[in-house]
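I have placed the structure first, in the form of structure tokens, so that the comments after it can refer back to it.
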Amino acid sequence: MRCSFIFSVVLILGVLQLKALPKVLNPNDERINLNSSLQYFRSADKNLTFEQALRRADAGLFTSNDSNNPINFGYDSSDFWFYTEFQVKESGQYALNLPYPYHQYLDLYIDSGEGWNSYKTGNLRPFHTRGELEPENFAWTFYFNDSTNNRLLIHVKSRSPIILSAELSTPEEYVTNTNKTNVMYGIFFGILMVMVIYNFFLYLIIRDKTYIYYIILVLANIAVFASVSGYAFHYIYPDSPEVNYYIRELFITILIIPTSLFAISFLDLKKYSMVMYYVLTFMIVFAIIISVLICFGVVFGFSSFIISIHAPLLLAIGILVRIRGNINANFYIIAWSGYLIGGTAMTLRNSGVLPAIFFTDHGAEIGAILDVFLLALALAYKYKQIRNERSQLQKENIQLIEKQNVLLEQKVKERTQLLDSTLQVLKKQHDDLSNESTEINSSINYALTIQEKMFPKKADMTQEFRDVVLFKRAKQTVSGDFVFFENLDDYIIIALADCTGHGVPGALLSMAAYNLFYDAVHIEKLTKPASILAFLEMQINVRLNQSDNALKEGMETAVCVLDKRRRILKFAGAQRPILIVNNGTSKLIKGSKKAIGGHFQRSGEEFKDHYIDVTRDLVFYLYSDGFQDQFGGIEDKKYMSKRLVNLLTENAARTSDDQEKIIGSELDDWKGDREQIDDILILGVKV
């Protein structure tokens, strides 16, 4: 892709033992073409090792290249080895550039006087393997001594065209030329995007689907050239070589679809040639099938063949339609002639028929620019015709409108009467809906009363602890978050649960979950948090029949058991943590990655008990994920767990009333006018 920057500046010095003598880079030179000193070896043995290839090169079994042009074998399934030697007249850093980024596997071996070093790269390897210069092709910097004979051995395995060129330059010259190339491609892609935007606005005005086909055609060209030139691999999927391997073939094949649709619409093939209409329809279906096969890796290298058939076909169809009287085909024929010439040159280069020179390397880009411009002119000419036709139709429509005005006035009167009767029906429906809404709200408020009576109150917990923070704010009237509290003889069991959903569904699940907690403590007599969580998991799976994964309801919960006699706090969590605050320092203990029911009921580690020694100043917090997931602030981001931990830690020494006010104020300031996204529940306990 960079042949326009390669020019020959050295002479062949002779032949010694069937090998070319080393080329020499003069300190005054900034770049030297190594193509004429390259030797190649076509290997039918795909298991040929580096050592074996090197022995063949030393034995003079490689064939010399007598041209300064890149070596081009086209599509050849053989393995290829390339060898050369060179010297520099001044020690320093040099850039070695291999301009054609097509090869699936390219292994570079270089000996700069200190033994052989290897570099493995290619389209089936991540982009960063192409060299520290981060080129779209392959380029590395090396330090060469002026007294050293440097040797280079390259191994290429590829189902893409086998085209190899090599040049040596100063790093500054390489960067300068790379920047020039990037600017040229930036102009190229910029022109195409300008045409996309311009014709999109025209489509909004004209509403002709031909413009949409044209826009898709140009976007497809952008995708093709971005993948062929290596920019897509560099900037979009540098760590996905498998994508890069197939994406160029896929985009070239997909290009057939919008070009065919554009030709069908622009040339009006249903009117001028039904046979060609069916032919292009077949090509569209064929391209879709080939695209699917490429995605599954069934075919490769088929794009050049199919596009070499499709491009001449489009030109022939344009000529046929023009012969049959469609004058809109004039620009179309000229446009596809340039595109065909450029695309054919590139295809013949890829097949090894034509040499890799500037025109064969960039003929497709030149043809694409001409094609896009000329097709845009063709659309403009067609729009002019459409505008004239619309002007004539407008005159005829004015006459029809005058005749219809009388009829419309009569219909307006009839419809006014119909609207009056409809409004009466709508008013009655509105009144009915208002009554139903009142009844529903009353039912939900009564459900809230039931929840509040069933769940433990702050006053009950305050009798057992020095102080208790209980901050609740439901997204809707009723909530899916709740606190469980039981005071047994030697144990106090306290838990916080966040059930799936909110509102009525979350509230229903919270009632069922609360009863399961009660069964675990009073019927099963469980006093270990992990055992309680395991019991809840089993019961949720059974009672909600989640064996078939049809239901994904469940809950995240944190369970604490205070051993009064031993002064130990036991904790286990199902995707919920516990925050321990002691004398101004905090520690966050995360729960298991496995939840109770829901999507993550089988993921992560098993439930595990954690033991915390209880001191007089110990404060612990349990909380749902509603606060930390709330969007807000200047940048409309989540509050996040770290910020919540800091808020609770900084205010842990305050009274519960002060903490609840601070939490509420912080939530309101953060949320602002935004909607609350989930139920919020925070429980803090001073032991």
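Residues are referred to by chain and number: the chain letter is A, B, ... according to the order shown in the structure tokens, the number counts from 1 in that chain, and ligands are numbered separately from 1 in the order shown.
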
Exercise for review: For Pro171 of chain A, please output as a ChimeraX atom specification all residues within 8 Å (counting only C-alpha atoms; exclusion window: fewer than 4 positions along the same chain).
Suggested key: /A:93-95,141,175

Would you save the residues from that selection as a PDB file, in the first residue's frame, using N, CA, C and O atoms?
```
ATOM      1  N   GLN A  93      20.160   4.287  14.171  1.00  0.00           N
ATOM      2  CA  GLN A  93      18.830   3.691  14.106  1.00  0.00           C
ATOM      3  C   GLN A  93      18.292   3.812  12.680  1.00  0.00           C
ATOM      4  O   GLN A  93      18.386   4.875  12.059  1.00  0.00           O
ATOM      5  N   TYR A  94      17.713   2.704  12.184  1.00  0.00           N
ATOM      6  CA  TYR A  94      17.121   2.669  10.847  1.00  0.00           C
ATOM      7  C   TYR A  94      15.754   2.002  10.922  1.00  0.00           C
ATOM      8  O   TYR A  94      15.511   1.135  11.776  1.00  0.00           O
ATOM      9  N   ALA A  95      14.884   2.423  10.013  1.00  0.00           N
ATOM     10  CA  ALA A  95      13.543   1.841   9.928  1.00  0.00           C
ATOM     11  C   ALA A  95      13.499   0.865   8.754  1.00  0.00           C
ATOM     12  O   ALA A  95      13.839   1.222   7.627  1.00  0.00           O
ATOM     13  N   THR A 141      12.212  -0.594  13.894  1.00  0.00           N
ATOM     14  CA  THR A 141      13.467   0.153  13.948  1.00  0.00           C
ATOM     15  C   THR A 141      14.555  -0.743  14.517  1.00  0.00           C
ATOM     16  O   THR A 141      14.323  -1.498  15.470  1.00  0.00           O
ATOM     17  N   VAL A 175       8.637   8.250   9.319  1.00  0.00           N
ATOM     18  CA  VAL A 175       7.518   8.927   9.982  1.00  0.00           C
ATOM     19  C   VAL A 175       6.940  10.011   9.082  1.00  0.00           C
ATOM     20  O   VAL A 175       5.721  10.169   8.975  1.00  0.00           O
TER      21      VAL A 175
END
```

Exercise for review: Please run DSSP on the backbone and report, as a PyMOL selection string, all residues within segment 145-186 of chain A that come out as alpha helix (DSSP H).
Suggested key: chain A and resi 171-186

For the residues in the current selection, export all heavy atoms as a tab-separated table (two decimals), in the first residue's frame.
```tsv
chain	number	residue	atom	x	y	z
A	171	PRO	N	14.46	6.72	10.50
A	171	PRO	CA	13.15	6.76	11.17
A	171	PRO	C	12.40	8.06	10.89
A	171	PRO	O	11.18	8.06	10.75
A	171	PRO	CB	13.51	6.63	12.65
A	171	PRO	CG	14.82	5.91	12.67
A	171	PRO	CD	15.55	6.38	11.44
A	172	GLU	N	13.12	9.18	10.78
A	172	GLU	CA	12.47	10.45	10.53
A	172	GLU	C	11.79	10.46	9.16
A	172	GLU	O	10.66	10.94	9.01
A	172	GLU	CB	13.48	11.60	10.61
A	172	GLU	CG	14.09	11.82	11.99
A	172	GLU	CD	15.18	10.80	12.32
A	172	GLU	OE1	15.61	10.07	11.38
A	172	GLU	OE2	15.59	10.73	13.48
A	173	GLU	N	12.50	9.90	8.16
A	173	GLU	CA	11.92	9.85	6.82
A	173	GLU	C	10.71	8.94	6.80
A	173	GLU	O	9.70	9.23	6.15
A	173	GLU	CB	12.97	9.36	5.82
A	173	GLU	CG	12.44	9.12	4.40
A	173	GLU	CD	12.04	10.40	3.70
A	173	GLU	OE1	12.31	11.49	4.24
A	173	GLU	OE2	11.45	10.31	2.62
A	174	TYR	N	10.80	7.82	7.54
A	174	TYR	CA	9.66	6.89	7.56
A	174	TYR	C	8.44	7.58	8.18
A	174	TYR	O	7.33	7.49	7.65
A	174	TYR	CB	10.00	5.64	8.36
A	174	TYR	CG	8.82	4.72	8.50
A	174	TYR	CD1	8.46	3.85	7.48
A	174	TYR	CD2	8.02	4.76	9.65
A	174	TYR	CE1	7.34	3.04	7.59
A	174	TYR	CE2	6.91	3.96	9.76
A	174	TYR	CZ	6.58	3.09	8.74
A	174	TYR	OH	5.46	2.30	8.85
A	175	VAL	N	8.64	8.25	9.32
A	175	VAL	CA	7.52	8.93	9.98
A	175	VAL	C	6.94	10.01	9.08
A	175	VAL	O	5.72	10.17	8.98
A	175	VAL	CB	7.98	9.51	11.33
A	175	VAL	CG1	6.89	10.40	11.93
A	175	VAL	CG2	8.35	8.41	12.30
A	176	THR	N	7.83	10.77	8.40
A	176	THR	CA	7.36	11.82	7.50
A	176	THR	C	6.48	11.26	6.39
A	176	THR	O	5.39	11.78	6.10
A	176	THR	CB	8.56	12.57	6.89
A	176	THR	OG1	9.32	13.17	7.94
A	176	THR	CG2	8.09	13.65	5.92
A	177	ASN	N	6.95	10.18	5.75
A	177	ASN	CA	6.17	9.58	4.65
A	177	ASN	C	4.90	8.93	5.15
A	177	ASN	O	3.87	8.95	4.47
A	177	ASN	CB	7.04	8.56	3.90
A	177	ASN	CG	8.05	9.24	3.00
A	177	ASN	OD1	7.70	10.04	2.15
A	177	ASN	ND2	9.32	8.95	3.20
A	178	THR	N	4.96	8.34	6.35
A	178	THR	CA	3.74	7.75	6.92
A	178	THR	C	2.70	8.83	7.18
A	178	THR	O	1.50	8.64	6.89
A	178	THR	CB	4.08	7.02	8.23
A	178	THR	OG1	5.01	5.97	7.97
A	178	THR	CG2	2.82	6.42	8.84
A	179	ASN	N	3.14	9.97	7.70
A	179	ASN	CA	2.20	11.08	7.95
A	179	ASN	C	1.60	11.58	6.64
A	179	ASN	O	0.41	11.92	6.57
A	179	ASN	CB	2.91	12.21	8.68
A	179	ASN	CG	3.26	11.85	10.10
A	179	ASN	OD1	2.64	10.97	10.70
A	179	ASN	ND2	4.25	12.53	10.68
A	180	LYS	N	2.42	11.65	5.57
A	180	LYS	CA	1.89	12.08	4.27
A	180	LYS	C	0.83	11.10	3.78
A	180	LYS	O	-0.22	11.50	3.26
A	180	LYS	CB	3.03	12.18	3.26
A	180	LYS	CG	4.01	13.33	3.52
A	180	LYS	CD	5.12	13.34	2.48
A	180	LYS	CE	6.10	14.48	2.74
A	180	LYS	NZ	7.22	14.47	1.76
A	181	THR	N	1.13	9.81	3.94
A	181	THR	CA	0.16	8.79	3.51
A	181	THR	C	-1.13	8.90	4.31
A	181	THR	O	-2.24	8.81	3.76
A	181	THR	CB	0.76	7.39	3.69
A	181	THR	OG1	1.96	7.29	2.92
A	181	THR	CG2	-0.22	6.33	3.22
A	182	ASN	N	-0.99	9.13	5.63
A	182	ASN	CA	-2.18	9.26	6.47
A	182	ASN	C	-3.01	10.47	6.05
A	182	ASN	O	-4.25	10.43	6.04
A	182	ASN	CB	-1.78	9.39	7.94
A	182	ASN	CG	-1.20	8.10	8.49
A	182	ASN	OD1	-1.48	7.02	7.97
A	182	ASN	ND2	-0.41	8.20	9.55
A	183	VAL	N	-2.33	11.56	5.70
A	183	VAL	CA	-3.05	12.76	5.25
A	183	VAL	C	-3.80	12.48	3.95
A	183	VAL	O	-4.97	12.86	3.80
A	183	VAL	CB	-2.07	13.94	5.08
A	183	VAL	CG1	-2.75	15.10	4.35
A	183	VAL	CG2	-1.55	14.39	6.42
A	184	MET	N	-3.14	11.79	3.02
A	184	MET	CA	-3.79	11.48	1.74
A	184	MET	C	-5.01	10.60	1.95
A	184	MET	O	-6.06	10.82	1.35
A	184	MET	CB	-2.77	10.80	0.80
A	184	MET	CG	-1.62	11.70	0.37
A	184	MET	SD	-2.18	13.24	-0.42
A	184	MET	CE	-3.01	12.59	-1.87
A	185	TYR	N	-4.85	9.57	2.80
A	185	TYR	CA	-6.01	8.72	3.07
A	185	TYR	C	-7.09	9.48	3.84
A	185	TYR	O	-8.29	9.23	3.67
A	185	TYR	CB	-5.59	7.46	3.83
A	185	TYR	CG	-5.27	6.30	2.92
A	185	TYR	CD1	-3.96	5.94	2.66
A	185	TYR	CD2	-6.28	5.58	2.30
A	185	TYR	CE1	-3.65	4.89	1.80
A	185	TYR	CE2	-5.99	4.53	1.45
A	185	TYR	CZ	-4.67	4.18	1.20
A	185	TYR	OH	-4.40	3.14	0.36
A	186	GLY	N	-6.66	10.41	4.70
A	186	GLY	CA	-7.64	11.24	5.40
A	186	GLY	C	-8.46	12.07	4.42
A	186	GLY	O	-9.68	12.21	4.56
```

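Using only C-alpha atoms for every distance, the candidate list A:Asn33, A:Ile319, A:Gly367, A:Tyr514 yields A:Gly367 as the residue closest to Gly342 of chain A.
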
Exercise for review: Find the residues near segment 608-613 of chain A: any atom within 7 Å, counting only C-alpha atoms, skip ones fewer than 5 places away on the same chain, and give them as number ranges by chain.
Suggested key: A: 529-530, 567-572

Review point. Excluding same-chain residues fewer than 4 positions from Leu261 of chain A, what lies within 9 Å of it counting only C-alpha atoms, as a PyMOL selection string?
Key: chain A and resi 210+213-214+256-257+265-266+280-281+284

Practice item. Tell me, in Å to one decimal, how far atom CA of Phe305 of chain A is from atom CA of Pro70 of chain A. Key: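 A separation of 22.9 Å between them.
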
Point to revise | Option closest in space to Asn69 of chain A, from A:Phe296, A:Phe482, A:Phe282, A:Phe358 [counting only C-alpha atoms] | key: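 Ranked by minimum distance to Asn69 of chain A, first place goes to A:Phe358.
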
Check your understanding: With only C-alpha atoms as the atoms that count, which of A:Ala507, A:Ile307, A:Ala376, A:Ala512 lies nearest to Thr344 of chain A?
Key -> A:Ile307

Point to revise | Exercise: segment 456-465 of chain A partners within 9 Å, only C-alpha atoms, chain neighbours under 6 positions left out, as a list in words | key: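 Neighbouring residues, sequence-local ones excluded: Phe482, Val483, Phe484, Phe485, Glu486, Asn487, Ile492, Val685, Lys686 and Val687 of chain A.
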
Please produce a file of the residues just selected, as a JSON list (two decimals), in the first residue's frame, where the atoms kept are N, CA, C and O atoms.
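Saved to again-v4.json:
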```json
[["chain", "number", "residue", "atom", "x", "y", "z"],
["A", 482, "PHE", "N", -35.73, -5.04, 51.83],
["A", 482, "PHE", "CA", -36.27, -5.16, 53.20],
["A", 482, "PHE", "C", -35.15, -5.59, 54.15],
["A", 482, "PHE", "O", -34.09, -6.06, 53.73],
["A", 483, "VAL", "N", -35.44, -5.42, 55.45],
["A", 483, "VAL", "CA", -34.54, -5.83, 56.53],
["A", 483, "VAL", "C", -35.20, -6.95, 57.31],
["A", 483, "VAL", "O", -36.41, -6.89, 57.63],
["A", 484, "PHE", "N", -34.42, -8.00, 57.64],
["A", 484, "PHE", "CA", -34.89, -9.08, 58.50],
["A", 484, "PHE", "C", -34.15, -8.99, 59.83],
["A", 484, "PHE", "O", -32.92, -8.82, 59.86],
["A", 485, "PHE", "N", -34.89, -9.12, 60.94],
["A", 485, "PHE", "CA", -34.29, -9.00, 62.27],
["A", 485, "PHE", "C", -34.95, -9.98, 63.22],
["A", 485, "PHE", "O", -36.19, -10.02, 63.32],
["A", 486, "GLU", "N", -34.15, -10.77, 63.90],
["A", 486, "GLU", "CA", -34.66, -11.70, 64.91],
["A", 486, "GLU", "C", -33.67, -11.74, 66.07],
["A", 486, "GLU", "O", -32.45, -11.87, 65.86],
["A", 487, "ASN", "N", -34.19, -11.67, 67.29],
["A", 487, "ASN", "CA", -33.38, -11.73, 68.51],
["A", 487, "ASN", "C", -33.65, -13.07, 69.19],
["A", 487, "ASN", "O", -34.73, -13.29, 69.75],
["A", 492, "ILE", "N", -28.28, -12.72, 67.60],
["A", 492, "ILE", "CA", -29.11, -11.72, 66.92],
["A", 492, "ILE", "C", -28.85, -11.89, 65.42],
["A", 492, "ILE", "O", -27.71, -11.81, 64.97],
["A", 685, "VAL", "N", -25.52, -0.26, 61.97],
["A", 685, "VAL", "CA", -25.70, -0.75, 63.34],
["A", 685, "VAL", "C", -24.46, -0.44, 64.15],
["A", 685, "VAL", "O", -23.34, -0.81, 63.77],
["A", 686, "LYS", "N", -24.66, 0.28, 65.28],
["A", 686, "LYS", "CA", -23.60, 0.44, 66.28],
["A", 686, "LYS", "C", -23.79, -0.63, 67.33],
["A", 686, "LYS", "O", -24.76, -0.62, 68.08],
["A", 687, "VAL", "N", -22.86, -1.59, 67.37],
["A", 687, "VAL", "CA", -23.04, -2.78, 68.23],
["A", 687, "VAL", "C", -22.94, -2.36, 69.70],
["A", 687, "VAL", "O", -22.05, -1.60, 70.07]]
```

Practice item. Would you work out the distance separating atom CA of Ile289 of chain A from atom CA of Ile163 of chain A, expressed in Å to one decimal? Key: 29.2 Å

Point to revise | Which of segment 134-218 of chain A DSSP labels strand (DSSP E or B), written as a ChimeraX atom specification | key: /A:138-144,150-157,162-164,167-169
